[in-house]
$ cat data00.cif   # mmCIF, C-alpha atoms
data_protein
loop_
_atom_site.label_atom_id
_atom_site.label_comp_id
_atom_site.auth_asym_id
_atom_site.auth_seq_id
_atom_site.Cartn_x
_atom_site.Cartn_y
_atom_site.Cartn_z
CA MET A 1048 -12.66 -2.96 -15.45
CA ALA A 1049 -11.77 -4.15 -12.02
CA VAL A 1050 -9.51 -6.74 -10.54
CA MET A 1051 -9.66 -7.76 -6.95
CA ILE A 1052 -7.71 -10.20 -4.83
CA GLN A 1053 -8.70 -11.60 -1.52
CA ALA A 1054 -5.90 -12.60 0.76
CA GLY A 1055 -6.63 -16.26 0.42
CA GLU A 1056 -6.11 -15.67 -3.23
CA ILE A 1057 -2.94 -13.71 -2.80
CA GLY A 1058 -1.19 -16.95 -2.23
CA SER A 1059 0.15 -19.53 0.04
CA ILE A 1060 3.24 -19.52 2.14
CA GLU A 1061 4.77 -22.71 3.35
CA PRO A 1062 3.98 -24.55 5.48
CA TYR A 1063 0.47 -23.19 5.20
CA ALA A 1064 -1.92 -24.41 2.57
CA ILE A 1065 -4.75 -22.56 0.92
CA ASN A 1066 -7.65 -24.42 -0.51
CA GLY A 1067 -9.73 -23.70 -3.53
CA PHE A 1068 -7.19 -22.01 -5.68
CA GLU A 1069 -5.94 -22.76 -9.09
CA GLY A 1070 -2.58 -21.84 -10.40
CA MET A 1071 -1.20 -21.18 -6.98
CA THR A 1072 2.32 -22.10 -6.09
CA VAL A 1073 4.41 -21.65 -3.02
CA GLY A 1074 7.72 -19.94 -2.76
CA PRO A 1075 10.39 -19.81 -0.10
CA LEU A 1076 9.50 -17.18 2.39
CA ASN A 1077 12.35 -14.80 2.98
CA GLY A 1078 12.38 -12.42 0.07
CA SER A 1079 9.68 -14.68 -1.18
CA VAL A 1080 7.49 -14.72 -4.21
CA ILE A 1081 3.82 -15.30 -3.61
CA THR A 1082 2.03 -16.58 -6.65
CA LEU A 1083 -1.48 -15.43 -7.29
CA GLY A 1084 -4.68 -17.17 -8.07
CA GLU A 1085 -7.43 -15.34 -9.91
CA ALA A 1086 -6.41 -11.82 -10.73
CA ASP A 1087 -7.20 -10.87 -14.28
CA SER A 1088 -9.85 -8.78 -15.93
CA GLY A 1089 -9.43 -7.54 -19.44
CA ASP A 1090 -6.38 -5.34 -19.81
CA CYS A 1091 -6.25 -4.66 -16.10
CA HIS A 1092 -4.48 -7.31 -14.08
CA PHE A 1093 -2.20 -8.13 -11.22
CA ASP A 1094 1.25 -9.54 -11.75
CA ASP A 1095 1.51 -13.28 -11.33
CA ALA A 1096 3.55 -12.88 -8.20
CA ALA A 1097 3.92 -10.59 -5.24
CA GLU A 1098 7.09 -10.12 -3.25
CA VAL A 1099 7.57 -10.15 0.48
CA GLY A 1100 10.81 -9.10 2.13
CA ARG A 1101 12.09 -7.40 5.20
CA ARG A 1102 13.92 -4.29 6.34
CA THR A 1103 16.08 -4.29 9.40
CA MET B 1254 16.02 -15.92 10.16
CA PRO B 1255 12.31 -15.89 10.87
CA ASP B 1256 9.86 -15.80 8.04
CA ASP B 1257 8.77 -12.51 6.54
CA ALA B 1258 5.08 -13.34 6.48
CA GLU B 1259 2.56 -15.99 7.33
CA VAL B 1260 -0.96 -16.89 6.44
CA TYR B 1261 -3.71 -16.93 9.06
CA GLN B 1262 -7.28 -18.14 8.77
CA LYS B 1263 -9.17 -15.33 10.48
CA THR B 1264 -12.63 -16.60 9.53
CA ALA B 1265 -13.89 -19.32 7.22
CA ASP B 1266 -13.95 -16.78 4.41
CA ASP B 1267 -10.99 -14.65 5.36
CA LYS B 1268 -7.50 -16.02 4.96
CA VAL B 1269 -5.06 -13.27 5.78
CA ILE B 1270 -1.45 -12.53 5.01
CA ILE B 1271 0.35 -11.24 8.09
CA LEU B 1272 3.58 -9.41 7.45
CA ASN B 1273 6.13 -9.90 10.17
CA PRO B 1274 7.60 -6.78 11.76
CA ARG B 1275 9.32 -4.51 9.25
CA ALA B 1276 8.45 -6.71 6.31
CA TYR B 1277 7.11 -5.31 3.07
CA PHE B 1278 4.65 -6.52 0.45
CA VAL B 1279 4.89 -5.47 -3.19
CA GLN B 1280 2.21 -6.51 -5.67
CA GLY B 1281 2.62 -5.26 -9.21
CA PHE B 1282 -0.32 -4.52 -11.44
CA LYS B 1283 -1.08 -3.36 -14.95
CA ALA B 1284 -3.80 -0.92 -15.85
CA PRO B 1285 -2.43 0.63 -19.03
CA GLY B 1286 -3.82 3.91 -20.21
CA TRP B 1287 -5.84 4.72 -17.13
CA THR B 1288 -7.17 8.18 -16.50
CA ASP B 1289 -9.27 7.25 -13.46
CA LEU B 1290 -7.79 4.50 -11.32
CA ARG B 1291 -9.21 3.51 -7.97
CA VAL B 1292 -7.38 1.29 -5.52
CA GLY B 1293 -8.39 -0.05 -2.15
CA TRP B 1294 -7.28 -2.52 0.45
CA PHE B 1295 -8.60 -4.06 3.66
CA LEU B 1296 -6.04 -4.05 6.46
CA SER B 1297 -5.89 -4.72 10.18
CA LEU B 1298 -3.31 -5.11 12.92
CA THR B 1299 -2.30 -7.82 15.31
CA ASP B 1300 0.52 -7.99 17.82
CA ASP B 1301 4.04 -9.21 17.21
CA THR B 1302 3.40 -12.85 18.09
CA GLY B 1303 -0.35 -13.55 18.23
CA ASP B 1304 -2.24 -13.77 14.98
CA ASP B 1305 -5.41 -12.12 16.32
CA VAL B 1306 -4.44 -9.87 19.23
CA THR B 1307 -5.26 -6.17 19.03
CA GLY B 1308 -4.19 -4.98 22.48
CA GLY B 1309 -0.90 -3.48 23.59
CA LEU B 1310 0.36 -2.30 20.22
CA ALA B 1311 1.37 1.24 21.18
CA GLU B 1312 4.89 2.13 20.10
CA THR B 1313 7.14 5.06 19.31
CA ILE B 1314 10.11 4.92 16.97
CA VAL B 1315 12.22 7.93 17.78
CA ALA B 1316 13.42 9.80 14.72
CA GLY B 1317 17.12 9.12 14.39
CA ALA B 1318 20.03 11.19 13.26
CA VAL B 1319 19.67 9.73 9.79
CA ALA B 1320 16.25 9.63 8.22
CA GLN B 1321 15.27 6.07 7.43
CA PRO B 1322 12.30 5.34 5.21
CA SER B 1323 12.13 2.00 6.99
CA ASP B 1324 11.12 3.80 10.19
CA ARG B 1325 8.00 5.21 8.52
CA TYR B 1326 4.90 3.35 7.48
CA TRP B 1327 3.93 3.24 3.81
CA LEU B 1328 0.50 2.11 2.60
CA GLY B 1329 -0.19 2.88 -1.03
CA VAL B 1330 1.08 2.44 -4.54
CA LYS B 1331 4.57 2.90 -5.93
CA THR B 1332 6.88 1.97 -8.75
CA ARG B 1333 7.94 -1.64 -8.96
CA GLY B 1334 10.87 -3.20 -7.18
CA ASN B 1335 11.71 -3.39 -3.53
CA ALA B 1336 13.35 0.03 -3.14
CA MET B 1337 11.59 2.16 -0.58
CA PRO B 1338 10.13 5.63 -1.11
CA GLY B 1339 12.94 8.16 -0.95
CA GLN B 1340 15.41 5.68 -2.42
CA ILE B 1341 16.69 5.30 -5.99
CA ASP B 1342 14.81 2.71 -7.98
CA ARG B 1343 16.92 1.09 -10.67
CA ASN B 1344 14.05 -1.01 -11.98
CA SER B 1345 11.30 1.45 -12.64
CA GLY B 1346 9.59 -0.75 -15.20
CA ASP B 1347 7.41 0.63 -17.93
CA ASN B 1348 5.28 2.74 -15.65
CA ASN B 1349 1.81 2.18 -17.06
CA ASP B 1350 2.38 5.32 -19.08
CA GLY B 1351 1.65 3.85 -22.48
CA ILE B 1352 5.12 4.69 -23.80
CA VAL B 1353 6.61 1.74 -25.68
CA ARG B 1354 10.32 1.48 -25.06
CA THR B 1355 11.88 -0.53 -27.86
CA PRO B 1356 15.57 -1.25 -28.40
CA PRO B 1357 17.28 0.53 -31.29
CA PRO B 1358 17.54 -1.36 -34.60
CA ILE B 1359 20.51 -3.64 -35.24
CA ARG B 1360 22.90 -1.98 -37.68
CA GLU B 1361 23.93 -4.14 -40.57
CA GLY B 1362 27.55 -5.12 -40.24
CA GLY B 1363 27.82 -3.41 -36.95
CA ARG B 1364 27.70 -4.48 -33.40
CA THR B 1365 24.40 -5.05 -31.73
CA PRO B 1366 23.61 -1.89 -29.83
CA PRO B 1367 22.88 -2.23 -26.16
CA PRO B 1368 19.29 -2.15 -25.04
CA PRO B 1369 17.94 1.20 -23.94
CA ARG B 1370 18.97 2.00 -20.39
CA GLN B 1371 16.43 2.85 -17.83
CA ARG B 1372 17.69 5.99 -16.21
CA PRO B 1373 17.72 5.34 -12.47
CA SER B 1374 15.11 7.42 -10.78
CA TYR B 1375 13.66 7.78 -7.36
CA VAL B 1376 10.79 5.60 -6.27
CA THR B 1377 7.44 7.21 -6.95
CA PHE B 1378 4.97 6.70 -4.11
CA ILE B 1379 1.40 7.84 -3.57
CA GLY B 1380 -0.30 6.96 -0.34
CA PHE B 1381 -0.50 7.04 3.41
CA THR B 1382 2.67 7.58 5.41
CA ASN B 1383 3.95 9.48 8.42
CA ARG B 1384 7.03 10.74 6.61
CA TYR B 1385 7.71 14.42 7.15
CA PRO B 1386 5.68 15.79 4.24
CA THR B 1387 8.03 18.35 2.76
CA GLY B 1388 11.67 18.66 1.79
CA ARG B 1389 14.57 16.30 1.49
CA ASP B 1390 15.00 15.82 5.22
CA ALA B 1391 12.58 13.14 6.41
CA ARG B 1392 13.73 13.19 10.03
CA GLY B 1393 10.97 15.39 11.38
CA GLY B 1394 8.84 13.71 13.99
CA ASP B 1395 8.78 10.31 15.61
CA SER B 1396 6.92 7.36 14.14
CA VAL B 1397 4.08 6.65 16.55
CA LEU B 1398 1.30 4.09 16.82
CA SER B 1399 -1.27 5.63 19.16
CA SER B 1400 -4.44 4.38 20.74
CA SER B 1401 -7.33 6.45 19.40
CA ASP B 1402 -11.09 6.83 19.66
CA GLU B 1403 -11.64 8.32 16.19
CA GLN B 1404 -14.15 10.66 17.77
CA LEU B 1405 -16.45 7.72 18.55
CA GLY B 1406 -15.96 8.14 22.26
CA THR B 1407 -13.57 9.31 24.91
CA SER B 1408 -11.96 6.07 25.98
CA ASN B 1409 -9.14 6.36 23.45
CA THR B 1410 -9.14 2.59 23.16
CA ASN B 1411 -11.19 1.97 20.02
CA PHE B 1412 -8.54 2.11 17.30
CA TRP B 1413 -4.84 2.19 16.58
CA ARG B 1414 -3.75 5.26 14.65
CA PRO B 1415 -0.28 5.54 13.10
CA ASN B 1416 0.98 9.10 13.07
CA ASN B 1417 3.87 11.54 13.12
CA SER B 1418 4.52 13.02 16.57
CA LEU B 1419 4.79 16.54 15.16
CA LYS B 1420 1.40 16.74 13.44
CA SER B 1421 -1.43 14.25 13.20
CA TYR B 1422 -2.12 15.43 9.68
CA TYR B 1423 1.26 14.35 8.31
CA SER B 1424 -0.57 11.43 6.79
CA PHE B 1425 -0.46 11.35 2.98
CA VAL B 1426 2.14 12.22 0.33
CA MET B 1427 2.74 12.06 -3.39
CA MET B 1428 6.50 11.86 -3.83
CA ASP B 1429 9.49 10.76 -5.88
CA GLN B 1430 12.83 12.17 -4.79
CA LEU B 1431 10.92 14.65 -2.67
CA PRO B 1432 7.32 15.04 -1.63
CA ARG B 1433 5.54 16.84 -4.48
CA ALA B 1434 2.13 17.14 -2.83
CA ARG B 1435 0.75 16.36 0.59
CA GLY B 1436 -2.66 15.51 1.92
CA GLY B 1437 -4.12 16.07 5.30
CA ILE B 1438 -4.70 19.45 6.84
CA ASN B 1439 -5.53 20.50 10.33
CA GLY B 1440 -9.17 19.55 10.74
CA ALA B 1441 -9.10 16.99 7.93
CA ALA B 1442 -6.12 14.91 8.83
CA LEU B 1443 -6.74 11.86 6.63
CA ALA B 1444 -5.87 9.71 9.63
CA GLN B 1445 -6.14 5.95 9.30
CA HIS B 1446 -7.67 3.90 12.09
CA PHE B 1447 -7.14 0.19 12.63
CA PRO B 1448 -9.87 -1.35 14.80
CA GLN B 1449 -8.68 -2.23 18.29
CA SER B 1450 -11.89 -2.89 20.25
CA ALA B 1451 -14.38 -5.29 18.70
CA GLY B 1452 -17.01 -3.95 21.06
CA ALA B 1453 -16.53 -0.32 20.14
CA VAL B 1454 -16.00 -0.96 16.43
CA ALA B 1455 -18.84 -3.36 15.86
CA ALA B 1456 -18.79 -2.75 12.12
CA GLY B 1457 -15.70 -4.86 11.75
CA TYR B 1458 -12.10 -5.77 12.47
CA ALA B 1459 -10.64 -4.56 9.16
CA VAL B 1460 -10.47 -1.04 7.74
CA LEU B 1461 -10.83 -0.24 4.06
CA LEU B 1462 -8.43 2.42 2.85
CA GLY B 1463 -8.08 3.60 -0.70
CA MET B 1464 -7.62 6.39 -3.14
CA ARG B 1465 -8.71 7.53 -6.55
CA LEU B 1466 -6.03 8.68 -8.99
CA THR B 1467 -6.75 10.72 -12.08
CA ARG B 1468 -4.68 12.18 -14.89
CA ASP B 1469 -5.68 14.11 -17.99
CA THR B 1470 -4.21 11.74 -20.56
CA PRO B 1471 -3.15 8.08 -20.57
CA THR B 1472 0.53 8.99 -20.83
CA SER B 1473 0.66 11.81 -18.31
CA ARG B 1474 2.79 11.66 -15.18
CA THR B 1475 0.88 14.50 -13.59
CA ILE B 1476 -1.51 12.86 -11.17
CA THR B 1477 -4.23 14.04 -8.83
CA ALA B 1478 -5.25 11.93 -5.84
CA TYR B 1479 -8.57 11.88 -4.04
CA VAL B 1480 -8.85 10.38 -0.57
CA LYS B 1481 -12.04 9.94 1.38
CA SER B 1482 -12.19 12.61 4.01
CA ALA B 1483 -14.69 12.82 6.83
CA ASP B 1484 -13.70 14.92 9.82
CA GLN B 1485 -10.17 13.74 10.61
CA SER B 1486 -10.43 10.31 9.03
CA ALA B 1487 -9.63 8.66 5.69
CA ASP B 1488 -11.25 5.35 6.69
CA MET B 1489 -13.73 4.26 4.03
CA LEU B 1490 -15.47 1.62 6.15
CA TYR B 1491 -14.89 -1.21 8.62
CA SER B 1492 -16.03 -4.76 8.01
CA ASN B 1493 -16.03 -8.27 9.41
CA THR B 1494 -16.26 -9.54 5.84
CA PRO B 1495 -13.32 -7.78 4.16
CA THR B 1496 -13.87 -9.30 0.76
CA LYS B 1497 -12.74 -8.29 -2.69
CA GLU B 1498 -16.39 -7.88 -3.68
CA LEU B 1499 -16.85 -5.28 -0.97
CA ILE B 1500 -13.81 -3.40 -2.23
CA ARG B 1501 -15.13 -3.47 -5.79
CA ASP B 1502 -18.56 -2.25 -4.79
CA THR B 1503 -17.13 0.52 -2.63
CA LEU B 1504 -14.70 1.78 -5.27
CA GLN B 1505 -17.43 2.13 -7.86
CA SER B 1506 -19.06 5.06 -6.10
CA TRP B 1507 -16.34 7.35 -4.87
CA PRO B 1508 -17.14 9.25 -1.65
CA ALA B 1509 -16.59 12.88 -0.71
CA SER B 1510 -12.86 13.36 -0.83
CA GLN B 1511 -9.91 15.57 -0.19
CA MET B 1512 -8.03 16.41 -3.39
CA ILE B 1513 -4.23 16.17 -3.31
CA GLY B 1514 -2.15 17.53 -6.15
CA PRO B 1515 -2.00 17.53 -9.09
CA ALA B 1516 1.62 16.52 -8.77
CA SER B 1517 4.14 15.94 -11.55
CA LEU B 1518 5.94 12.72 -10.66
CA ALA B 1519 8.99 10.95 -12.02
CA ASN B 1520 7.07 7.78 -12.80
CA VAL B 1521 3.60 6.33 -12.59
CA PRO B 1522 2.96 3.85 -9.76
CA GLU B 1523 2.26 0.29 -10.80
CA ALA B 1524 2.43 -1.76 -7.62
CA PHE B 1525 0.69 -1.97 -4.31
CA TYR B 1526 3.12 -1.37 -1.49
CA PHE B 1527 2.56 -2.07 2.18
CA TYR B 1528 5.28 -1.61 4.79
CA TRP B 1529 4.84 -1.46 8.55
CA PRO B 1530 7.82 -0.23 10.59
CA PHE B 1531 6.67 -1.12 14.09
CA ARG B 1532 7.97 -4.05 16.10
CA ASN B 1533 5.09 -4.51 18.56
CA SER B 1534 2.51 -4.99 15.84
CA ARG B 1535 2.11 -6.68 12.48
CA LEU B 1536 0.11 -5.64 9.43
CA ARG B 1537 -2.58 -8.01 8.18
CA ILE B 1538 -3.61 -7.83 4.51
CA HIS B 1539 -7.11 -9.13 3.86
CA SER B 1540 -7.75 -8.08 0.27
CA VAL B 1541 -6.71 -5.57 -2.37
CA GLY B 1542 -8.42 -4.24 -5.46
CA ILE B 1543 -8.05 -2.06 -8.52
CA LEU B 1544 -10.86 -0.47 -10.45
CA LYS B 1545 -9.94 1.13 -13.76
CA ALA B 1546 -12.91 3.47 -14.07
CA ALA B 1547 -11.54 5.23 -17.16
#

$ encode --input "data00.cif" --output "structure tokens"
Amino acid sequence: MAVMIQAGEIGSIEPYAINGFEGMTVGPLNGSVITLGEADSGDCHFDDAAEVGRRT
Amino acid sequence: MPDDAEVYQKTADDKVIILNPRAYFVQGFKAPGWTDLRVGWFLSLTDDTGDDVTGGLAETIVAGAVAQPSDRYWLGVKTRGNAMPGQIDRNSGDNNDGIVRTPPPIREGGRTPPPPRQRPSYVTFIGFTNRYPTGRDARGGDSVLSSSDEQLGTSNTNFWRPNNSLKSYYSFVMMDQLPRARGGINGAALAQHFPQSAGAVAAGYAVLLGMRLTRDTPTSRTITAYVKSADQSADMLYSNTPTKELIRDTLQSWPASQMIGPASLANVPEAFYFYWPFRNSRLRIHSVGILKAA
């Protein structure tokens, strides 16, 4: 079983738009949640969202 | 405050996430019961302002009086949450270990017992880093991004190679509170190379890095890592089409590797984790993949 994500599928970050994805939403950026597109295969899957944040 | 990341259309088929300086990316995953898990990711670098500029990225972060995980790079897998390796993680999750953690039963006539408490534990990390590879003190060595030729020539301008100023083979650890196993040895450094010169690295602008993790049973926290090793490099390949399909195909046939561990760890990693400490350059994430081979 394998699951793969390509960056265009990782998500969209405002104000950018990504075409061709279903189930994709956009979150605020700082400490943001990036919602995924396709990322499921059997019992092996990615979470629905990734997180981006920053260290000083 | 500037954004933490942006999206850049590198090619028609390659839309990239670019982390801004000192930003992190955490992507959780589930692969319950694995005994052979392979992960890979296509990455590249650009400078601090341009979305596709590979020159002038050299930088040194001098090791300070207090060791900061945020001054090291971390490319690998770890427990969930945004705590960094070396820090206490209060949200370790259920760790892909197959252990079902259920709350105790409600006693009749009594008060509802509290849910089971996750005992805070240190972040478990497996992957590439320039942290000092042993002991509690992580101060040893500066964080450096060097220009490199990866033995392809003598110009020293073909790649960018993150490293520790003390030893080039301080490049891979398996750790929780402390490093439990380290990869890279003199002569087989497991160095990672990010293409700098399109002319010299004609194969592509993105490097595929990855590792294979094994454990004897689906609930074990004793893990062995295998990282592709050829001469001094852990690079799996370079590509101008850094697609998820290429990751999948590459992970299916694992190459000659350096074995690290086995290491008994506090938890089992269940998230991709990418953090880049440098301020002159930014990390670009093209694609990531998991292959649960067993």

$ closest_atom_pairs --input "data00.cif" --of "chain B" --to "chain A" --cutoff "8 Å" --atoms "all atoms listed in the file" --output "Markdown table"
| residue | atom | partner | partner_atom | distance |
| --- | --- | --- | --- | --- |
| B:Pro1255 | CA | A:Asn1077 | CA | 8.0 |
| B:Asp1256 | CA | A:Asn1077 | CA | 5.7 |
| B:Asp1257 | CA | A:Asn1077 | CA | 5.5 |
| B:Ala1258 | CA | A:Leu1076 | CA | 7.1 |
| B:Glu1259 | CA | A:Ile1060 | CA | 6.3 |
| B:Val1260 | CA | A:Ile1060 | CA | 6.6 |
| B:Asp1267 | CA | A:Gly1055 | CA | 6.8 |
| B:Lys1268 | CA | A:Gly1055 | CA | 4.6 |
| B:Val1269 | CA | A:Ala1054 | CA | 5.1 |
| B:Ile1270 | CA | A:Ala1054 | CA | 6.2 |
| B:Pro1274 | CA | A:Arg1101 | CA | 8.0 |
| B:Arg1275 | CA | A:Arg1102 | CA | 5.4 |
| B:Ala1276 | CA | A:Arg1101 | CA | 3.9 |
| B:Tyr1277 | CA | A:Gly1100 | CA | 5.4 |
| B:Phe1278 | CA | A:Val1099 | CA | 4.7 |
| B:Val1279 | CA | A:Glu1098 | CA | 5.1 |
| B:Gln1280 | CA | A:Ala1097 | CA | 4.4 |
| B:Gly1281 | CA | A:Asp1094 | CA | 5.2 |
| B:Phe1282 | CA | A:Phe1093 | CA | 4.1 |
| B:Lys1283 | CA | A:His1092 | CA | 5.3 |
| B:Ala1284 | CA | A:Cys1091 | CA | 4.5 |
| B:Pro1285 | CA | A:Cys1091 | CA | 7.2 |
| B:Ser1323 | CA | A:Arg1102 | CA | 6.6 |
| B:Thr1496 | CA | A:Gln1053 | CA | 6.1 |
| B:Lys1497 | CA | A:Met1051 | CA | 5.3 |
| B:Glu1498 | CA | A:Met1051 | CA | 7.5 |
| B:Ile1500 | CA | A:Met1051 | CA | 7.6 |
| B:Arg1501 | CA | A:Met1051 | CA | 7.0 |
| B:Ile1538 | CA | A:Ala1054 | CA | 6.5 |
| B:His1539 | CA | A:Ala1054 | CA | 4.8 |
| B:Ser1540 | CA | A:Gln1053 | CA | 4.1 |
| B:Val1541 | CA | A:Ile1052 | CA | 5.3 |
| B:Gly1542 | CA | A:Met1051 | CA | 4.0 |
| B:Ile1543 | CA | A:Val1050 | CA | 5.3 |
| B:Leu1544 | CA | A:Ala1049 | CA | 4.1 |
| B:Lys1545 | CA | A:Met1048 | CA | 5.2 |
| B:Ala1546 | CA | A:Met1048 | CA | 6.6 |

$ resolve_selection --input "data00.cif" --expression "the PyMOL selection byres ((chain B and resi 1518) around 12)" --output "count of residues only"
33

$ atom_distance --input "data00.cif" --atom1 "CA of Ser1421 (chain B)" --atom2 "CA of Gln1485 (chain B)"
9.1 Å

$ resolve_selection --input "data00.cif" --expression "the PyMOL selection byres ((chain B and resi 1396) around 6)" --output "PyMOL selection string"
chain B and resi 1313-1314+1395+1397+1417
